[in-house]
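See below for coords-v4.cif, which holds mmCIF, C-alpha atoms and all ligand atoms.
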```cif
data_model
loop_
_atom_site.label_atom_id
_atom_site.label_comp_id
_atom_site.auth_asym_id
_atom_site.auth_seq_id
_atom_site.Cartn_x
_atom_site.Cartn_y
_atom_site.Cartn_z
CA MET A 4 115.44 218.91 113.45
CA LEU A 5 112.11 218.83 111.58
CA SER A 6 108.68 219.80 112.84
CA SER A 7 106.15 217.01 112.92
CA SER A 8 104.45 218.17 109.71
CA SER A 9 107.80 218.65 107.95
CA LEU A 10 108.90 215.19 109.09
CA SER A 11 105.74 213.70 107.75
CA ARG A 12 106.24 215.43 104.36
CA PHE A 13 109.90 214.44 104.34
CA ARG A 14 109.02 210.77 104.83
CA LYS A 15 106.22 210.88 102.28
CA ASN A 16 108.44 212.49 99.63
CA LEU A 17 111.33 210.12 100.12
CA LEU A 18 109.16 206.98 100.13
CA ALA A 19 107.25 208.11 97.04
CA TRP A 20 110.53 208.73 95.23
CA PHE A 21 111.86 205.32 96.30
CA SER A 22 108.70 203.60 95.18
CA GLN A 23 108.98 205.20 91.75
CA PHE A 24 112.72 205.26 91.09
CA GLN A 25 114.32 202.41 93.04
CA ARG A 26 116.64 200.24 91.01
CA ASP A 27 115.41 196.78 90.11
CA LEU A 28 117.88 194.66 92.09
CA PRO A 29 117.60 190.87 92.44
CA TRP A 30 117.57 190.96 96.24
CA ARG A 31 114.62 193.36 96.24
CA ARG A 32 112.30 190.86 94.59
CA ASP A 33 111.29 189.35 97.91
CA LYS A 34 112.04 189.79 101.60
CA ASP A 35 113.30 186.33 102.32
CA PRO A 36 115.67 186.81 105.31
CA TYR A 37 118.36 184.53 103.85
CA ARG A 38 118.43 186.48 100.58
CA VAL A 39 118.41 189.83 102.35
CA TRP A 40 121.23 188.67 104.61
CA LEU A 41 123.29 187.34 101.69
CA SER A 42 122.87 190.59 99.74
CA GLU A 43 123.85 192.73 102.72
CA ILE A 44 127.03 190.73 103.29
CA MET A 45 127.95 190.77 99.59
CA LEU A 46 127.36 194.51 99.32
CA GLN A 47 129.83 195.33 102.10
CA GLN A 48 132.83 196.95 100.37
CA THR A 49 131.44 195.89 96.98
CA ARG A 50 129.63 197.77 94.24
CA VAL A 51 126.09 196.69 93.36
CA ALA A 52 126.97 195.83 89.76
CA ALA A 53 129.88 193.64 90.88
CA ALA A 54 127.81 191.84 93.51
CA ILE A 55 124.83 190.89 91.28
CA PRO A 56 126.38 187.97 89.33
CA TYR A 57 127.94 186.56 92.51
CA TYR A 58 124.63 186.84 94.34
CA LEU A 59 122.76 184.98 91.60
CA ARG A 60 125.38 182.22 91.28
CA PHE A 61 125.63 181.81 95.04
CA LEU A 62 121.88 181.46 95.45
CA GLU A 63 121.66 178.97 92.64
CA ARG A 64 124.25 176.75 94.32
CA PHE A 65 123.12 177.43 97.91
CA PRO A 66 119.39 178.18 97.74
CA THR A 67 118.82 177.77 101.49
CA VAL A 68 120.58 178.43 104.76
CA GLN A 69 120.74 174.66 105.21
CA SER A 70 122.53 174.07 101.92
CA LEU A 71 125.06 176.80 102.75
CA ALA A 72 125.66 175.39 106.22
CA GLU A 73 126.34 171.91 104.85
CA ALA A 74 128.54 172.90 101.89
CA PRO A 75 132.28 172.16 101.81
CA PRO A 76 133.99 175.42 102.89
CA GLN A 77 136.21 175.33 99.80
CA GLU A 78 133.10 175.33 97.61
CA VAL A 79 131.75 178.41 99.39
CA LEU A 80 135.06 180.19 98.87
CA ARG A 81 135.21 179.10 95.24
CA LEU A 82 131.88 180.79 94.54
CA TRP A 83 133.05 183.88 96.41
CA ALA A 84 136.39 184.00 94.61
CA GLY A 85 136.92 187.38 92.95
CA LEU A 86 134.59 189.26 95.28
CA GLY A 87 137.34 189.87 97.85
CA TYR A 88 137.20 190.24 101.63
CA TYR A 89 136.94 186.49 102.02
CA SER A 90 136.33 186.57 105.76
CA ARG A 91 132.79 187.57 104.74
CA ALA A 92 132.28 184.19 103.06
CA ARG A 93 133.83 182.29 105.94
CA ASN A 94 131.67 184.12 108.49
CA LEU A 95 128.60 183.70 106.31
CA GLN A 96 128.97 179.94 106.39
CA LYS A 97 129.73 179.87 110.13
CA ALA A 98 126.63 181.97 110.75
CA ALA A 99 124.56 179.64 108.54
CA GLN A 100 125.73 176.71 110.66
CA GLU A 101 124.73 178.54 113.84
CA ILE A 102 121.36 179.46 112.39
CA VAL A 103 120.70 175.81 111.55
CA ALA A 104 121.92 174.63 114.96
CA ARG A 105 120.19 177.24 117.11
CA HIS A 106 117.44 178.93 115.12
CA HIS A 107 115.84 176.07 113.11
CA GLY A 108 117.48 177.33 109.91
CA ILE A 109 115.75 180.74 109.99
CA PHE A 110 117.60 184.02 110.44
CA PRO A 111 116.80 185.19 114.03
CA GLN A 112 114.40 188.06 114.58
CA THR A 113 115.99 189.93 117.49
CA GLU A 114 118.90 192.33 117.29
CA GLU A 115 120.67 190.56 120.13
CA GLN A 116 120.52 187.18 118.42
CA ALA A 117 121.54 188.66 115.07
CA LEU A 118 124.55 190.44 116.60
CA ALA A 119 125.69 187.16 118.14
CA LEU A 120 126.21 185.67 114.65
CA PRO A 121 129.65 185.81 112.99
CA GLY A 122 130.02 188.68 110.53
CA ILE A 123 126.94 190.60 111.71
CA GLY A 124 127.53 194.10 113.07
CA VAL A 125 125.12 196.83 114.10
CA TYR A 126 124.55 198.12 110.58
CA THR A 127 124.03 194.67 109.03
CA ALA A 128 121.68 193.56 111.81
CA ALA A 129 119.56 196.69 111.39
CA ALA A 130 119.45 196.31 107.61
CA ILE A 131 118.46 192.62 107.65
CA LEU A 132 115.94 192.86 110.48
CA SER A 133 114.25 195.98 109.13
CA ILE A 134 114.02 194.73 105.54
CA ALA A 135 113.12 191.10 106.26
CA TYR A 136 111.03 191.53 109.43
CA GLU A 137 110.09 195.25 109.52
CA LYS A 138 111.91 195.75 112.82
CA LYS A 139 112.17 199.43 113.77
CA LEU A 140 115.95 199.70 113.50
CA ALA A 141 117.55 202.56 111.60
CA VAL A 142 120.60 201.81 109.46
CA LEU A 143 123.65 204.00 109.34
CA ASP A 144 126.26 203.22 106.74
CA GLY A 145 128.46 205.51 104.67
CA ASN A 146 125.70 206.37 102.18
CA VAL A 147 123.12 207.14 104.86
CA ALA A 148 125.62 209.10 106.96
CA ARG A 149 126.45 211.29 103.98
CA VAL A 150 122.78 212.06 103.33
CA LEU A 151 122.07 212.82 106.98
CA ALA A 152 125.19 214.96 107.35
CA ARG A 153 124.15 217.01 104.34
CA LEU A 154 120.57 217.37 105.51
CA ASP A 155 121.84 218.91 108.76
CA ALA A 156 124.99 220.51 107.27
CA VAL A 157 127.22 218.60 109.67
CA THR A 158 130.82 219.64 109.08
CA GLY A 159 134.01 217.82 110.14
CA ASP A 160 135.00 214.16 110.07
CA LEU A 161 131.81 212.13 110.56
CA ARG A 162 133.69 209.38 112.37
CA SER A 163 135.14 211.61 115.08
CA ASN A 164 134.07 213.84 117.98
CA GLY A 165 130.86 211.93 118.63
CA ARG A 166 129.34 212.78 115.24
CA TRP A 167 128.58 209.16 114.32
CA PRO A 168 126.39 208.43 117.39
CA LYS A 169 124.56 211.72 116.73
CA LEU A 170 123.93 210.66 113.14
CA GLN A 171 122.64 207.33 114.43
CA GLN A 172 120.24 209.28 116.62
CA THR A 173 119.10 211.35 113.65
CA ALA A 174 118.60 208.16 111.62
CA SER A 175 116.44 206.71 114.39
CA THR A 176 114.36 209.90 114.65
CA LEU A 177 113.73 210.00 110.91
CA LEU A 178 112.93 206.27 110.60
CA ASP A 179 109.39 205.78 109.41
CA PRO A 180 107.86 203.30 111.90
CA CYS A 181 105.23 202.29 109.36
CA CYS A 182 107.76 200.75 106.96
CA PRO A 183 111.28 200.56 108.42
CA GLY A 184 112.54 198.26 105.66
CA ASP A 185 111.52 200.51 102.78
CA TRP A 186 112.57 203.57 104.72
CA ASN A 187 116.10 202.31 105.30
CA GLN A 188 116.40 201.21 101.70
CA ALA A 189 115.09 204.57 100.48
CA LEU A 190 117.75 206.48 102.42
CA MET A 191 120.47 204.12 101.20
CA GLU A 192 119.17 204.42 97.64
CA LEU A 193 119.20 208.20 97.84
CA GLY A 194 122.84 208.11 99.00
CA ALA A 195 123.80 205.63 96.30
CA THR A 196 122.08 207.29 93.34
CA LEU A 197 121.49 211.06 93.89
CA CYS A 198 123.24 212.18 97.05
CA THR A 199 126.53 210.73 95.86
CA PRO A 200 129.95 211.67 97.27
CA ARG A 201 130.79 213.85 94.27
CA SER A 202 128.32 216.04 92.42
CA PRO A 203 125.09 215.35 94.34
CA GLN A 204 122.08 215.82 92.06
CA CYS A 205 120.14 218.16 94.31
CA ARG A 206 117.77 219.24 91.54
CA LEU A 207 116.35 215.71 91.37
CA CYS A 208 116.37 215.14 95.12
CA PRO A 209 113.00 214.39 96.73
CA VAL A 210 114.06 215.93 100.06
CA ALA A 211 115.93 218.98 98.74
CA GLU A 212 113.59 221.38 100.53
CA SER A 213 114.80 220.02 103.91
CA CYS A 214 118.50 220.05 103.06
CA GLU A 215 120.67 222.57 104.90
CA ALA A 216 123.83 221.76 102.93
CA ARG A 217 122.05 222.53 99.67
CA LYS A 218 120.75 225.83 101.05
CA LEU A 219 124.22 226.80 102.25
CA GLY A 220 125.92 225.69 99.03
CA LEU A 221 127.88 223.06 100.96
CA ALA A 222 126.45 219.90 99.39
CA GLY A 223 129.66 219.09 97.50
CA SER A 224 131.96 219.65 100.47
CA ILE A 225 130.08 217.60 103.11
CA PRO A 226 131.16 215.21 104.47
CA GLU A 227 134.76 216.23 105.01
CA LYS A 228 137.16 213.83 103.29
CA ARG A 229 138.83 211.40 105.66
CA LYS A 230 142.60 211.40 105.72
CA LYS A 231 143.80 208.43 103.72
CA ARG A 232 146.13 205.98 105.32
CA ASP A 233 149.62 205.99 103.79
CA THR A 234 150.08 203.33 101.14
CA VAL A 235 152.41 200.46 102.03
CA GLU A 236 154.43 199.13 99.10
CA ILE A 237 155.02 195.37 99.07
CA VAL A 238 156.87 193.20 96.57
CA LEU A 239 155.97 189.53 96.25
CA ALA A 240 157.56 186.80 94.15
CA SER A 241 155.57 183.76 93.03
CA LEU A 242 156.66 180.47 91.60
CA VAL A 243 154.69 179.03 88.68
CA PHE A 244 155.54 175.51 87.61
CA ILE A 245 154.45 174.59 84.11
CA ASP A 246 154.60 171.03 82.80
CA PRO A 247 154.41 170.00 79.11
CA LYS A 248 150.62 169.70 79.38
CA GLY A 249 150.32 173.27 80.68
CA ARG A 250 149.51 172.13 84.21
CA THR A 251 150.70 173.97 87.27
CA LEU A 252 150.82 173.48 91.04
CA LEU A 253 148.88 175.36 93.72
CA LEU A 254 149.37 175.16 97.46
CA PRO A 255 146.44 174.92 99.90
CA PRO A 256 145.15 177.97 101.84
CA PRO A 257 147.87 179.20 104.20
CA LYS A 258 147.22 179.34 107.92
CA SER A 259 145.94 182.49 109.63
CA PRO A 260 148.50 185.16 110.32
CA GLN A 261 150.38 184.59 113.55
CA LYS A 262 150.95 188.21 114.31
CA SER A 263 149.03 191.36 113.81
CA THR A 264 150.95 194.34 112.50
CA SER A 265 150.09 197.30 110.34
CA ARG A 266 151.77 195.38 107.51
CA ALA A 267 149.77 192.46 106.13
CA ASP A 268 151.51 189.09 105.99
CA VAL A 269 151.65 187.04 102.81
CA ALA A 270 148.84 184.70 103.96
CA THR A 271 146.50 187.66 104.33
CA LEU A 272 147.49 189.10 100.97
CA LEU A 273 146.70 185.73 99.42
CA SER A 274 143.28 185.91 101.12
CA ARG A 275 144.05 182.54 102.72
CA MET A 276 143.07 180.73 99.54
CA TRP A 277 144.79 178.35 97.10
CA HIS A 278 147.93 180.00 95.77
CA PHE A 279 151.24 179.69 93.99
CA PRO A 280 154.28 179.38 96.28
CA THR A 281 154.77 183.04 97.18
CA ILE A 282 157.16 185.04 99.34
CA GLU A 283 157.61 188.65 100.26
CA VAL A 284 160.77 189.99 98.61
CA HIS A 285 163.23 191.96 100.69
CA GLN A 286 166.15 192.42 98.30
CA ASN A 287 166.62 189.88 95.53
CA ALA A 288 163.44 188.27 94.22
CA GLU A 289 164.99 185.38 92.33
CA LEU A 290 167.50 184.48 95.03
CA GLU A 291 164.95 184.58 97.83
CA LEU A 292 162.42 182.62 95.79
CA ARG A 293 165.10 180.02 95.00
CA GLN A 294 165.79 179.59 98.71
CA HIS A 295 162.07 179.22 99.41
CA THR A 296 161.71 176.72 96.57
CA HIS A 297 164.57 174.67 97.93
CA LYS A 298 162.85 174.49 101.32
CA LEU A 299 159.57 173.37 99.74
CA PHE A 300 161.07 170.96 97.20
CA PRO A 301 164.54 169.91 98.42
CA ALA A 302 164.80 167.23 95.72
CA LEU A 303 164.62 169.73 92.87
CA ALA A 304 167.94 171.05 91.60
CA ASN A 305 169.21 173.28 88.78
CA LEU A 306 165.89 174.97 88.22
CA HIS A 307 165.78 177.62 85.54
CA PHE A 308 163.71 180.61 86.75
CA VAL A 309 162.10 182.47 83.86
CA PRO A 310 160.76 185.89 84.85
CA ALA A 311 157.21 186.61 83.66
CA PRO A 312 155.77 190.13 83.29
CA LYS A 313 155.19 191.70 86.66
CA ALA A 314 151.67 192.36 87.89
CA ARG A 315 150.16 194.95 90.19
CA HIS A 316 147.53 194.43 92.84
CA ALA A 317 146.06 196.41 95.71
CA VAL A 318 144.61 195.14 98.99
CA THR A 319 143.24 197.90 101.24
CA PHE A 320 146.21 200.26 101.71
CA HIS A 321 148.78 197.76 100.40
CA SER A 322 150.12 198.40 96.93
CA ILE A 323 151.60 195.13 95.72
CA THR A 324 154.03 194.40 92.92
CA ILE A 325 154.09 190.71 92.03
CA LEU A 326 157.06 189.15 90.27
CA PRO A 327 156.06 185.76 88.89
CA PHE A 328 158.77 183.29 87.86
CA ARG A 329 157.99 180.36 85.61
CA ILE A 330 159.72 177.03 85.85
CA TYR A 331 159.17 174.73 82.90
CA ILE A 332 159.45 171.22 84.26
CA PRO A 333 158.91 167.77 82.70
CA LYS A 334 156.97 166.53 85.74
CA LEU A 335 155.34 168.58 88.48
CA PRO A 336 156.91 167.96 91.90
CA ARG A 337 154.84 166.13 94.47
CA LEU A 338 153.85 167.84 97.66
CA ALA A 339 151.26 166.59 100.11
CA SER A 340 148.05 168.62 99.86
CA ALA A 341 149.21 170.60 96.79
CA LYS A 342 147.05 170.25 93.69
CA SER A 343 147.92 170.23 90.02
CA LEU A 344 145.56 171.82 87.52
CA PRO A 345 145.69 173.60 84.14
CA LEU A 346 147.38 177.00 84.40
CA ALA A 347 144.83 178.35 81.91
CA ASP A 348 141.88 177.34 84.09
CA LEU A 349 142.24 177.50 87.86
CA SER A 350 138.49 177.80 88.42
CA SER A 351 138.13 174.42 90.11
CA LEU A 352 139.76 175.84 93.26
CA PRO A 353 139.01 178.98 95.29
CA ILE A 354 141.74 181.50 94.46
CA SER A 355 142.16 185.21 95.12
CA ASN A 356 142.40 187.93 92.49
CA LEU A 357 146.10 188.17 93.29
CA THR A 358 146.63 184.50 92.36
CA ARG A 359 144.52 185.03 89.23
CA LYS A 360 146.86 187.86 88.21
CA VAL A 361 149.94 185.70 88.79
CA ALA A 362 148.44 183.01 86.54
CA LEU A 363 147.65 185.55 83.86
CA SER A 364 151.14 187.05 83.94
CA ALA A 365 152.75 183.62 83.83
CA SER A 366 150.76 182.88 80.68
CA LEU A 367 152.04 186.00 78.89
CA PRO A 368 155.25 186.21 76.84
CA SER A 369 158.21 187.59 78.86
CA SER A 370 158.66 190.61 76.61
CA MET A 371 155.32 192.14 77.69
FE1 LIG A 401 121.85 215.29 99.05
FE2 LIG A 401 121.43 217.41 97.52
FE3 LIG A 401 119.40 215.93 98.41
FE4 LIG A 401 120.79 217.47 100.06
S1 LIG A 401 119.53 218.14 98.34
S2 LIG A 401 120.13 215.37 100.43
S3 LIG A 401 122.84 217.28 99.21
S4 LIG A 401 121.02 215.27 96.97
#
```
Starting from the coordinates I provided, produce the structure as structure tokens.
Ligand code: SF4
Amino acid sequence: MLSSSSLSRFRKNLLAWFSQFQRDLPWRRDKDPYRVWLSEIMLQQTRVAAAIPYYLRFLERFPTVQSLAEAPPQEVLRLWAGLGYYSRARNLQKAAQEIVARHHGIFPQTEEQALALPGIGVYTAAAILSIAYEKKLAVLDGNVARVLARLDAVTGDLRSNGRWPKLQQTASTLLDPCCPGDWNQALMELGATLCTPRSPQCRLCPVAESCEARKLGLAGSIPEKRKKRDTVEIVLASLVFIDPKGRTLLLPPPKSPQKSTSRADVATLLSRMWHFPTIEVHQNAELELRQHTHKLFPALANLHFVPAPKARHAVTFHSITILPFRIYIPKLPRLASAKSLPLADLSSLPISNLTRKVALSASLPSSM
């Protein structure tokens, strides 16, 4: 797409811009493979600003691959709690254990070995290996694809009709072999800061002279918006025991879903973490929750269910309404593996944002 001299100018301009304007991010302070890997996993589906405090806390508690591999899984999840997409944390620890067992505790240097680790796909392998080891692997994520599509004025859905492999080819052609790590980061940075989905700032762009979309006035309309999946509405009801000391009861992480359907099961919605007894409501929240409560705690009778303000939550394309019910009880019921803890502070266990919202609602007056 570019002549050799244009390609050379293109690379020079982008790298010079990156060197001058890149954001000061904690994972850019060194190229330690563990840190690069951790940042890449945390940044999947997560904004930079949201990931930073988690990254810093995680590294403080698990400064090495070894310490992560040996940590209790619940502790790893606790430090991940709130970041979402918890399979990332589970895979991260499994991969750390494999790295310790098979690679002497150091992130492997080949693409094949990296791809064999849990949670590492083509994009993540390329990002880690190029940044940490300067391997000549071009990254292609949403940000980079948008930039490349605009540079070549590629119209249509980037994920269909073979456009993605072509973009991967373009990314590989443009990759600067002298500094693959900086090059990949520069393209990602351009997509994240100037060549943004809405209102790209072409006037500040270091590669504007090579951009077809800008010349054709198409920058704002490329790439074509993907059709959104229809939202699935789900209603959940949760049971919140409260004893006179303000303590409540959480159940341990539910098992993996048995079936795979387009509709998430309750265990998935709870991110398979510690949670209040929760059911999906089909018709009558209180009645169905009563039946569930009776199954869990057959010895409890005449419980008074006090509705708390409802809460809203979203997980991917699921729009969830949560109906928490409080039960004020002189003594929390006993259940093997359940844990009691203060309703106002559940931080000692790994919980999902959904469970956090239930706790918050249950702490509010009913009139709200
Ligand atoms: Fe993106 Fe505009 Fe730069 Fe083209 S000129 S790459 S559309 S910011």
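Using all atoms listed in the file, the smallest distance between any of A:Pro209, A:Pro180, A:Pro36, A:Gly223 and Leu132 of chain A comes from A:Pro36.
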Checklist entry - Phe61 of chain A: which residues within 9 Å, counting all atoms listed in the file, same-chain residues fewer than 4 positions away excluded, as a PyMOL selection string? => result chain A and resi 41+56-57+65-66+79+82-83
Keeping C-alpha atoms, export the residues of the selection given above as a PDB file, keeping the file's coordinate frame.
```
ATOM      1  CA  LEU A  41     123.290 187.340 101.690  1.00  0.00           C
ATOM      2  CA  PRO A  56     126.380 187.970  89.330  1.00  0.00           C
ATOM      3  CA  TYR A  57     127.940 186.560  92.510  1.00  0.00           C
ATOM      4  CA  PHE A  65     123.120 177.430  97.910  1.00  0.00           C
ATOM      5  CA  PRO A  66     119.390 178.180  97.740  1.00  0.00           C
ATOM      6  CA  VAL A  79     131.750 178.410  99.390  1.00  0.00           C
ATOM      7  CA  LEU A  82     131.880 180.790  94.540  1.00  0.00           C
ATOM      8  CA  TRP A  83     133.050 183.880  96.410  1.00  0.00           C
TER       9      TRP A  83
END
```
Item to check | Answer as number ranges by chain, residues within 12 Å of (147.1, 168.0, 100.3) using all atoms listed in the file | outcome: A: 252-257, 277, 337-343
Item to check | Which of A:Asn305, A:Ser202, A:Ser351, A:Thr234 sits closest to ligand LIG 401 (chain A) [using only C-alpha atoms and all ligand atoms] | outcome: A:Ser202
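One finds atom S3 of ligand LIG 401 (chain A) at 17.5 Å from atom CA of Arg12 of chain A.
Pairwise distance (atom CA of Gln77 of chain A, atom CA of Arg60 of chain A) equals 15.4 Å.
Where the distance criterion is 7 Å and the atoms used are all atoms listed in the file, the residues close to ligand LIG 401 (chain A) are Val150, Arg153, Leu154, Leu197, Cys198, Pro203, Gln204, Cys205, Cys208, Pro209, Val210, Ala211, Cys214, Ala216, Arg217 and Ala222 of chain A.
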Item to check | Near-Thr113 of chain A list (9 Å; all atoms listed in the file; drop same-chain fewer than 4 positions) as number ranges by chain | outcome: A: 117-118, 128, 132, 138
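What separates atom CA of His297 of chain A from atom CA of Phe244 of chain A is a distance of 13.7 Å.
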Checklist entry - Counting all atoms listed in the file, which residues come within 10 Å of (142.9, 182.8, 91.3), with the point read in the file's coordinates, and could you list them as a PyMOL selection string? => result chain A and resi 81+84-85+253+273+276-279+348-363
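All residues of protein, DNA or RNA that reach within 12 Å of Ile332 of chain A, judged by only C-alpha atoms and not counting those fewer than 3 positions away in the chain, are Val243, Phe244, Ile245, Asp246, Pro247, Lys248, Gly249, Arg250, Thr251, Leu252, Leu303, Ala304, Asn305, Leu306, His307, Phe308, Val309, Arg329, Leu335 and Pro336 of chain A.
In terms of minimum interatomic distance to Val103 of chain A, A:Val68 ranks closest within A:Leu140, A:Leu190, A:Leu151, A:Val68, counting all atoms listed in the file.
You can rank A:Ala270, A:Arg93, A:His321, A:Gly145 by their closest distance to Arg232 of chain A using only C-alpha atoms, and at the top of that list sits A:His321.
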Filtering to N, CA and C atoms, could segment 245-257 of chain A of the supplied structure be written out as an mmCIF file, in the first residue's frame?
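Printed below is out26.cif as written:
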```cif
data_model
loop_
_atom_site.group_PDB
_atom_site.id
_atom_site.type_symbol
_atom_site.label_atom_id
_atom_site.label_comp_id
_atom_site.auth_asym_id
_atom_site.auth_seq_id
_atom_site.Cartn_x
_atom_site.Cartn_y
_atom_site.Cartn_z
ATOM 1 N N ILE A 245 -29.702 -10.883 57.572
ATOM 2 C CA ILE A 245 -29.007 -9.855 58.376
ATOM 3 C C ILE A 245 -29.245 -10.191 59.846
ATOM 4 N N ASP A 246 -28.168 -10.391 60.593
ATOM 5 C CA ASP A 246 -28.355 -10.683 62.027
ATOM 6 C C ASP A 246 -28.215 -9.383 62.828
ATOM 7 N N PRO A 247 -28.449 -9.430 64.139
ATOM 8 C CA PRO A 247 -28.422 -8.173 64.923
ATOM 9 C C PRO A 247 -27.085 -7.451 64.868
ATOM 10 N N LYS A 248 -26.009 -8.171 64.533
ATOM 11 C CA LYS A 248 -24.697 -7.499 64.448
ATOM 12 C C LYS A 248 -24.424 -6.990 63.041
ATOM 13 N N GLY A 249 -25.415 -7.100 62.160
ATOM 14 C CA GLY A 249 -25.216 -6.629 60.775
ATOM 15 C C GLY A 249 -24.434 -7.613 59.930
ATOM 16 N N ARG A 250 -24.353 -8.853 60.373
ATOM 17 C CA ARG A 250 -23.620 -9.854 59.577
ATOM 18 C C ARG A 250 -24.581 -10.556 58.620
ATOM 19 N N THR A 251 -24.015 -11.036 57.528
ATOM 20 C CA THR A 251 -24.822 -11.712 56.529
ATOM 21 C C THR A 251 -24.149 -13.018 56.135
ATOM 22 N N LEU A 252 -24.766 -13.733 55.171
ATOM 23 C CA LEU A 252 -24.257 -15.055 54.796
ATOM 24 C C LEU A 252 -24.016 -15.104 53.292
ATOM 25 N N LEU A 253 -22.823 -15.524 52.907
ATOM 26 C CA LEU A 253 -22.539 -15.719 51.471
ATOM 27 C C LEU A 253 -22.257 -17.184 51.195
ATOM 28 N N LEU A 254 -22.660 -17.617 50.007
ATOM 29 C CA LEU A 254 -22.409 -18.993 49.581
ATOM 30 C C LEU A 254 -21.131 -19.031 48.742
ATOM 31 N N PRO A 255 -20.474 -20.193 48.709
ATOM 32 C CA PRO A 255 -19.211 -20.290 47.943
ATOM 33 C C PRO A 255 -19.461 -20.232 46.440
ATOM 34 N N PRO A 256 -18.386 -20.027 45.649
ATOM 35 C CA PRO A 256 -18.553 -19.929 44.191
ATOM 36 C C PRO A 256 -19.327 -21.113 43.635
ATOM 37 N N PRO A 257 -20.360 -20.840 42.829
ATOM 38 C CA PRO A 257 -21.131 -21.949 42.253
ATOM 39 C C PRO A 257 -20.306 -22.684 41.212
#
```
